[in-house]
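To be precise, the following lines are model.pdb, and they hold PDB, C-alpha atoms.
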```
ATOM      1  CA  MET A   1      53.357 -66.239  40.428
ATOM      2  CA  ARG A   2      56.030 -64.203  42.248
ATOM      3  CA  SER A   3      59.141 -65.835  43.674
ATOM      4  CA  PRO A   4      59.569 -65.866  47.449
ATOM      5  CA  VAL A   5      61.586 -62.886  48.748
ATOM      6  CA  GLY A   6      64.579 -65.084  49.591
ATOM      7  CA  GLU A   7      64.727 -66.366  46.024
ATOM      8  CA  GLY A   8      64.810 -62.842  44.607
ATOM      9  CA  LYS A   9      67.612 -61.869  46.951
ATOM     10  CA  LYS A  10      69.514 -65.037  46.064
ATOM     11  CA  ARG A  11      69.173 -64.286  42.341
ATOM     12  CA  LEU A  12      70.368 -60.720  42.901
ATOM     13  CA  LEU A  13      73.416 -62.005  44.812
ATOM     14  CA  GLU A  14      74.218 -64.356  41.924
ATOM     15  CA  ALA A  15      73.825 -61.458  39.486
ATOM     16  CA  LEU A  16      76.137 -59.309  41.639
ATOM     17  CA  PHE A  17      78.818 -62.018  41.583
ATOM     18  CA  ASP A  18      78.348 -62.561  37.843
ATOM     19  CA  GLU A  19      78.658 -58.832  37.110
ATOM     20  CA  PHE A  20      81.278 -57.757  39.639
ATOM     21  CA  GLY A  21      83.175 -60.925  40.520
ATOM     22  CA  GLU A  22      84.050 -62.272  43.960
ATOM     23  CA  ASN A  23      84.817 -58.874  45.460
ATOM     24  CA  GLY A  24      81.445 -57.354  44.616
ATOM     25  CA  PRO A  25      80.794 -53.813  43.448
ATOM     26  CA  SER A  26      83.392 -51.121  43.940
ATOM     27  CA  PRO A  27      82.848 -48.856  46.942
ATOM     28  CA  ASN A  28      82.835 -45.971  44.456
ATOM     29  CA  LEU A  29      79.574 -47.133  42.847
ATOM     30  CA  SER A  30      76.232 -45.912  44.141
ATOM     31  CA  MET A  31      73.231 -48.188  44.533
ATOM     32  CA  ARG A  32      71.806 -46.641  41.345
ATOM     33  CA  GLN A  33      74.999 -47.392  39.403
ATOM     34  CA  VAL A  34      75.060 -50.975  40.705
ATOM     35  CA  ALA A  35      71.395 -51.391  39.729
ATOM     36  CA  GLU A  36      72.092 -50.011  36.237
ATOM     37  CA  ARG A  37      74.918 -52.509  35.760
ATOM     38  CA  LEU A  38      72.584 -55.326  36.809
ATOM     39  CA  GLY A  39      69.744 -54.055  34.641
ATOM     40  CA  VAL A  40      67.326 -53.677  37.552
ATOM     41  CA  HIS A  41      65.664 -50.733  39.251
ATOM     42  CA  HIS A  42      67.589 -49.403  42.261
ATOM     43  CA  THR A  43      64.538 -49.797  44.506
ATOM     44  CA  LEU A  44      64.860 -53.574  44.078
ATOM     45  CA  LEU A  45      68.330 -53.434  45.624
ATOM     46  CA  THR A  46      67.046 -51.204  48.413
ATOM     47  CA  TYR A  47      64.145 -53.599  49.037
ATOM     48  CA  HIS A  48      66.413 -56.648  49.394
ATOM     49  CA  PHE A  49      69.540 -55.114  50.957
ATOM     50  CA  GLY A  50      68.342 -51.887  52.579
ATOM     51  CA  SER A  51      71.378 -49.731  51.971
ATOM     52  CA  ARG A  52      74.839 -49.641  50.449
ATOM     53  CA  PRO A  53      76.377 -51.172  53.616
ATOM     54  CA  GLY A  54      73.603 -53.788  53.580
ATOM     55  CA  LEU A  55      74.457 -54.669  49.983
ATOM     56  CA  LEU A  56      78.173 -54.894  50.822
ATOM     57  CA  ARG A  57      77.365 -56.993  53.891
ATOM     58  CA  ALA A  58      75.321 -59.480  51.840
ATOM     59  CA  VAL A  59      78.023 -59.755  49.166
ATOM     60  CA  LEU A  60      80.758 -60.149  51.783
ATOM     61  CA  LEU A  61      78.830 -62.807  53.706
ATOM     62  CA  GLU A  62      78.263 -64.797  50.534
ATOM     63  CA  ALA A  63      81.914 -64.388  49.506
ATOM     64  CA  ARG A  64      83.080 -65.506  52.960
ATOM     65  CA  ARG A  65      80.730 -68.496  52.836
ATOM     66  CA  ARG A  66      82.255 -69.489  49.496
ATOM     67  CA  ASP A  67      85.794 -68.818  50.772
ATOM     68  CA  ASN A  68      85.227 -70.974  53.851
ATOM     69  CA  LEU A  69      84.039 -73.825  51.616
ATOM     70  CA  VAL A  70      87.239 -73.572  49.550
ATOM     71  CA  ILE A  71      89.432 -73.340  52.656
ATOM     72  CA  ALA A  72      87.547 -76.205  54.324
ATOM     73  CA  GLU A  73      88.104 -78.406  51.259
ATOM     74  CA  THR A  74      91.835 -77.713  51.229
ATOM     75  CA  GLY A  75      92.133 -77.766  55.005
ATOM     76  CA  ASN A  76      89.959 -80.717  55.908
ATOM     77  CA  GLU A  77      92.997 -82.849  56.754
ATOM     78  CA  LEU A  78      95.499 -80.093  57.528
ATOM     79  CA  GLY A  79      96.958 -79.568  60.954
ATOM     80  CA  PHE A  80      96.400 -76.319  62.824
ATOM     81  CA  ALA A  81      99.501 -74.441  61.637
ATOM     82  CA  ALA A  82      99.164 -75.673  58.046
ATOM     83  CA  LEU A  83      95.550 -74.479  57.993
ATOM     84  CA  CYS A  84      96.655 -71.082  59.372
ATOM     85  CA  ARG A  85      99.154 -70.896  56.509
ATOM     86  CA  ALA A  86      96.462 -71.835  53.962
ATOM     87  CA  ILE A  87      94.169 -69.115  55.365
ATOM     88  CA  TRP A  88      96.958 -66.531  55.279
ATOM     89  CA  ASN A  89      97.937 -67.468  51.723
ATOM     90  CA  PHE A  90      94.321 -67.288  50.597
ATOM     91  CA  TYR A  91      93.488 -63.883  52.088
ATOM     92  CA  SER A  92      96.875 -62.241  51.532
ATOM     93  CA  ASP A  93      96.564 -62.978  47.811
ATOM     94  CA  PRO A  94      96.284 -59.582  46.050
ATOM     95  CA  ALA A  95      93.224 -60.904  44.192
ATOM     96  CA  HIS A  96      91.294 -60.725  47.492
ATOM     97  CA  GLU A  97      92.446 -57.260  48.569
ATOM     98  CA  ASP A  98      89.141 -55.532  47.742
ATOM     99  CA  ARG A  99      87.272 -58.114  49.801
ATOM    100  CA  ILE A 100      89.615 -57.559  52.736
ATOM    101  CA  HIS A 101      88.992 -53.801  52.474
ATOM    102  CA  ALA A 102      85.227 -54.446  52.503
ATOM    103  CA  PHE A 103      85.557 -56.819  55.475
ATOM    104  CA  PHE A 104      87.369 -54.284  57.659
ATOM    105  CA  HIS A 105      85.043 -51.486  56.524
ATOM    106  CA  LEU A 106      81.992 -53.491  57.599
ATOM    107  CA  VAL A 107      83.590 -54.724  60.816
ATOM    108  CA  GLY A 108      84.278 -51.080  61.674
ATOM    109  CA  LEU A 109      80.621 -50.237  61.083
ATOM    110  CA  ALA A 110      79.569 -53.263  63.156
ATOM    111  CA  VAL A 111      81.508 -51.907  66.134
ATOM    112  CA  TYR A 112      79.216 -48.861  66.136
ATOM    113  CA  GLU A 113      76.008 -50.464  64.843
ATOM    114  CA  ARG A 114      76.131 -54.023  66.146
ATOM    115  CA  ASP A 115      72.390 -54.623  65.725
ATOM    116  CA  ALA A 116      72.437 -53.518  62.083
ATOM    117  CA  PHE A 117      75.329 -55.886  61.362
ATOM    118  CA  GLN A 118      74.271 -58.784  63.604
ATOM    119  CA  GLU A 119      74.376 -61.274  60.715
ATOM    120  CA  LEU A 120      78.004 -60.338  59.999
ATOM    121  CA  VAL A 121      78.928 -60.522  63.690
ATOM    122  CA  VAL A 122      77.382 -63.992  64.042
ATOM    123  CA  ASP A 123      79.029 -65.245  60.834
ATOM    124  CA  ILE A 124      82.482 -63.933  61.698
ATOM    125  CA  ASP A 125      83.454 -67.114  63.565
ATOM    126  CA  GLY A 126      83.519 -69.351  60.469
ATOM    127  CA  LEU A 127      87.322 -69.436  60.244
ATOM    128  CA  ALA A 128      87.703 -69.909  63.987
ATOM    129  CA  GLN A 129      85.489 -72.998  63.754
ATOM    130  CA  LEU A 130      87.637 -74.450  60.951
ATOM    131  CA  LEU A 131      90.770 -73.789  63.009
ATOM    132  CA  GLU A 132      89.212 -75.243  66.136
ATOM    133  CA  ALA A 133      88.450 -78.469  64.265
ATOM    134  CA  ALA A 134      92.078 -78.604  63.042
ATOM    135  CA  ALA A 135      93.402 -78.129  66.574
ATOM    136  CA  LEU A 136      91.139 -80.932  67.794
ATOM    137  CA  ARG A 137      92.491 -83.186  65.015
ATOM    138  CA  ASP A 138      95.981 -82.346  66.295
ATOM    139  CA  GLY A 139      95.000 -83.603  69.750
ATOM    140  CA  ALA A 140      94.224 -80.359  71.572
ATOM    141  CA  THR A 141      91.619 -80.348  74.318
ATOM    142  CA  GLU A 142      88.323 -78.626  73.500
ATOM    143  CA  THR A 143      89.241 -75.616  75.627
ATOM    144  CA  ASP A 144      92.727 -75.298  74.120
ATOM    145  CA  ALA A 145      91.397 -75.796  70.580
ATOM    146  CA  ARG A 146      88.855 -72.985  71.045
ATOM    147  CA  GLN A 147      91.416 -70.624  72.581
ATOM    148  CA  GLN A 148      94.049 -71.398  69.923
ATOM    149  CA  SER A 149      91.504 -70.746  67.163
ATOM    150  CA  ILE A 150      90.507 -67.394  68.686
ATOM    151  CA  ILE A 151      94.160 -66.343  69.046
ATOM    152  CA  ALA A 152      95.076 -67.431  65.508
ATOM    153  CA  THR A 153      92.020 -65.812  63.915
ATOM    154  CA  ALA A 154      92.589 -62.519  65.748
ATOM    155  CA  CYS A 155      96.295 -62.502  64.889
ATOM    156  CA  LEU A 156      95.738 -63.340  61.218
ATOM    157  CA  ARG A 157      93.082 -60.628  60.924
ATOM    158  CA  GLY A 158      95.373 -58.148  62.647
ATOM    159  CA  LEU A 159      98.180 -58.998  60.245
ATOM    160  CA  LEU A 160      95.822 -58.623  57.268
ATOM    161  CA  LEU A 161      94.814 -55.191  58.543
ATOM    162  CA  GLN A 162      98.474 -54.269  59.021
ATOM    163  CA  ARG A 163      99.174 -55.479  55.470
ATOM    164  CA  LEU A 164      96.461 -53.154  54.131
ATOM    165  CA  LEU A 165      97.838 -50.202  56.079
ATOM    166  CA  THR A 166     101.548 -50.841  55.460
ATOM    167  CA  PRO A 167     102.040 -53.454  52.733
ATOM    168  CA  THR A 168     105.643 -54.489  53.322
ATOM    169  CA  ALA A 169     107.538 -57.755  53.280
ATOM    170  CA  GLU A 170     107.853 -57.356  57.064
ATOM    171  CA  VAL A 171     104.147 -58.101  57.489
ATOM    172  CA  ASP A 172     104.424 -61.312  55.472
ATOM    173  CA  ALA A 173     107.522 -62.268  57.481
ATOM    174  CA  ALA A 174     105.617 -61.597  60.711
ATOM    175  CA  ALA A 175     102.766 -63.823  59.483
ATOM    176  CA  GLU A 176     105.227 -66.606  58.759
ATOM    177  CA  ARG A 177     106.756 -66.158  62.222
ATOM    178  CA  LEU A 178     103.301 -66.375  63.816
ATOM    179  CA  ILE A 179     102.475 -69.543  61.873
ATOM    180  CA  ALA A 180     105.830 -71.104  62.816
ATOM    181  CA  SER A 181     105.114 -70.372  66.485
ATOM    182  CA  LEU A 182     101.678 -71.986  66.141
ATOM    183  CA  ALA A 183     103.321 -75.078  64.640
ATOM    184  CA  ALA A 184     104.949 -75.665  68.023
ATOM    185  CA  PHE A 185     101.516 -76.768  69.309
ATOM    186  CA  GLU A 186     101.121 -79.454  66.639
ATOM    187  CA  GLY A 187     101.984 -82.837  68.007
ATOM    188  CA  GLY A 188     103.426 -81.146  71.056
ATOM    189  CA  ASP A 189     102.210 -80.053  74.436
ATOM    190  CA  HIS A 190      98.495 -79.299  74.409
ATOM    191  CA  ALA A 191      98.154 -79.190  78.156
ATOM    192  CA  SER A 192      96.022 -76.311  79.255
ATOM    193  CA  SER A 193      97.767 -73.607  81.213
ATOM    194  CA  THR A 194      94.812 -73.454  83.560
ATOM    195  CA  PRO A 195      94.679 -75.793  86.554
TER     196      PRO A 195
END
```
Since I need it in another form, could you write the structure as structure tokens?
Amino acid sequence: MRSPVGEGKKRLLEALFDEFGENGPSPNLSMRQVAERLGVHHTLLTYHFGSRPGLLRAVLLEARRRDNLVIAETGNELGFAALCRAIWNFYSDPAHEDRIHAFFHLVGLAVYERDAFQELVVDIDGLAQLLEAAALRDGATETDARQQSIIATACLRGLLLQRLLTPTAEVDAAAERLIASLAAFEGGDHASSTP
């Protein structure tokens, strides 16, 4: 009896992580080369993932799901700024650089082909939700917590992109400055600026 389609895709994702690690296959490998490394026919990858970007999207979504679990475990009791620091430290680690490249590559594609990357677009708020929960733990209102999480997520992503483009100590210093400014909200004034 054949396995349900979702099970086959899940097994392929596990095989991809086993073979290529957390960052997935190199962008230099074709679908055929990836399939050869996995010991499967390339049409199986095409069937489950559609295309090279579809394969990268699936690997990145699974990696981000795993990352968010790790960050959530470490950040479950952290305040907003401390969680921002934990997120920055996690993603600015050179071990995750390939994944960050893949993330920005796919986000760029999603800007032009939103429907094709809808799953990525929907999933992109995972970190913002973790940060929103931290801001609520710090005593922020729901509105302020949501806005702070959006600002922090956008700023951290922007700094990660800047770090890829110009990897200097200045970018890390700017990240630390951002996080220090966010710390001002912890235990302080959470009053909304709107009437």
Distance query Ala184 (chain A) at most 12 Å, only C-alpha atoms, self and fewer than 6 positions along chain excluded, as a list in words: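 Answer for this query is Gly79, Phe80, Ala81, Ala82, Ala135, Asp138, Gln148, Arg177, Leu178 and His190 of chain A.
For the residues A:Ala169, A:Leu13, A:Ala102, A:Ala58, ranking by smallest atom-to-atom distance to Leu38 (chain A) using all atoms listed in the file places A:Leu13 first.
The space between CA of Asp144 (chain A) and CA of Leu83 (chain A) spans 16.4 Å.
Of the listed residues A:Ala72, A:Ala183, A:Leu12, A:Leu136, the one whose atoms come nearest to His48 (chain A) is A:Leu12, with distances taken using all atoms listed in the file.
Distance check against Arg85 (chain A) using only C-alpha atoms: of A:Ala152, A:Leu69, A:Leu161, A:Val121, the minimum falls on A:Ala152.
Counting all atoms listed in the file, the residue from A:Arg66, A:Arg57, A:Arg157, A:Lys10 that sits nearest to Leu109 (chain A) is A:Arg57.
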Contacts of Glu142 (chain A) within 12 Å, all atoms listed in the file, excl. fewer than 3 positions in-chain, as a count of residues only: 18
Here's the selection I'm unsure about, the PyMOL selection byres ((chain A and resi 164) around 12); applied to the file above, which residues does it give, as a short mmCIF file (atom, residue, chain, number, x, y, z; two decimals) with C-alpha atoms, keeping the file's coordinate frame?
```cif
data_model
loop_
_atom_site.label_atom_id
_atom_site.label_comp_id
_atom_site.auth_asym_id
_atom_site.auth_seq_id
_atom_site.Cartn_x
_atom_site.Cartn_y
_atom_site.Cartn_z
CA TYR A 91 93.49 -63.88 52.09
CA SER A 92 96.88 -62.24 51.53
CA ASP A 93 96.56 -62.98 47.81
CA PRO A 94 96.28 -59.58 46.05
CA HIS A 96 91.29 -60.72 47.49
CA GLU A 97 92.45 -57.26 48.57
CA ASP A 98 89.14 -55.53 47.74
CA ARG A 99 87.27 -58.11 49.80
CA ILE A 100 89.62 -57.56 52.74
CA HIS A 101 88.99 -53.80 52.47
CA ALA A 102 85.23 -54.45 52.50
CA PHE A 103 85.56 -56.82 55.48
CA PHE A 104 87.37 -54.28 57.66
CA HIS A 105 85.04 -51.49 56.52
CA ARG A 157 93.08 -60.63 60.92
CA GLY A 158 95.37 -58.15 62.65
CA LEU A 159 98.18 -59.00 60.24
CA LEU A 160 95.82 -58.62 57.27
CA LEU A 161 94.81 -55.19 58.54
CA GLN A 162 98.47 -54.27 59.02
CA ARG A 163 99.17 -55.48 55.47
CA LEU A 165 97.84 -50.20 56.08
CA THR A 166 101.55 -50.84 55.46
CA PRO A 167 102.04 -53.45 52.73
CA THR A 168 105.64 -54.49 53.32
CA VAL A 171 104.15 -58.10 57.49
CA ASP A 172 104.42 -61.31 55.47
#
```
Taking into account all atoms listed in the file, which residue in the set A:Leu16, A:Leu78, A:Ala95, A:Val107 is nearest to Glu119 (chain A)? A:Val107
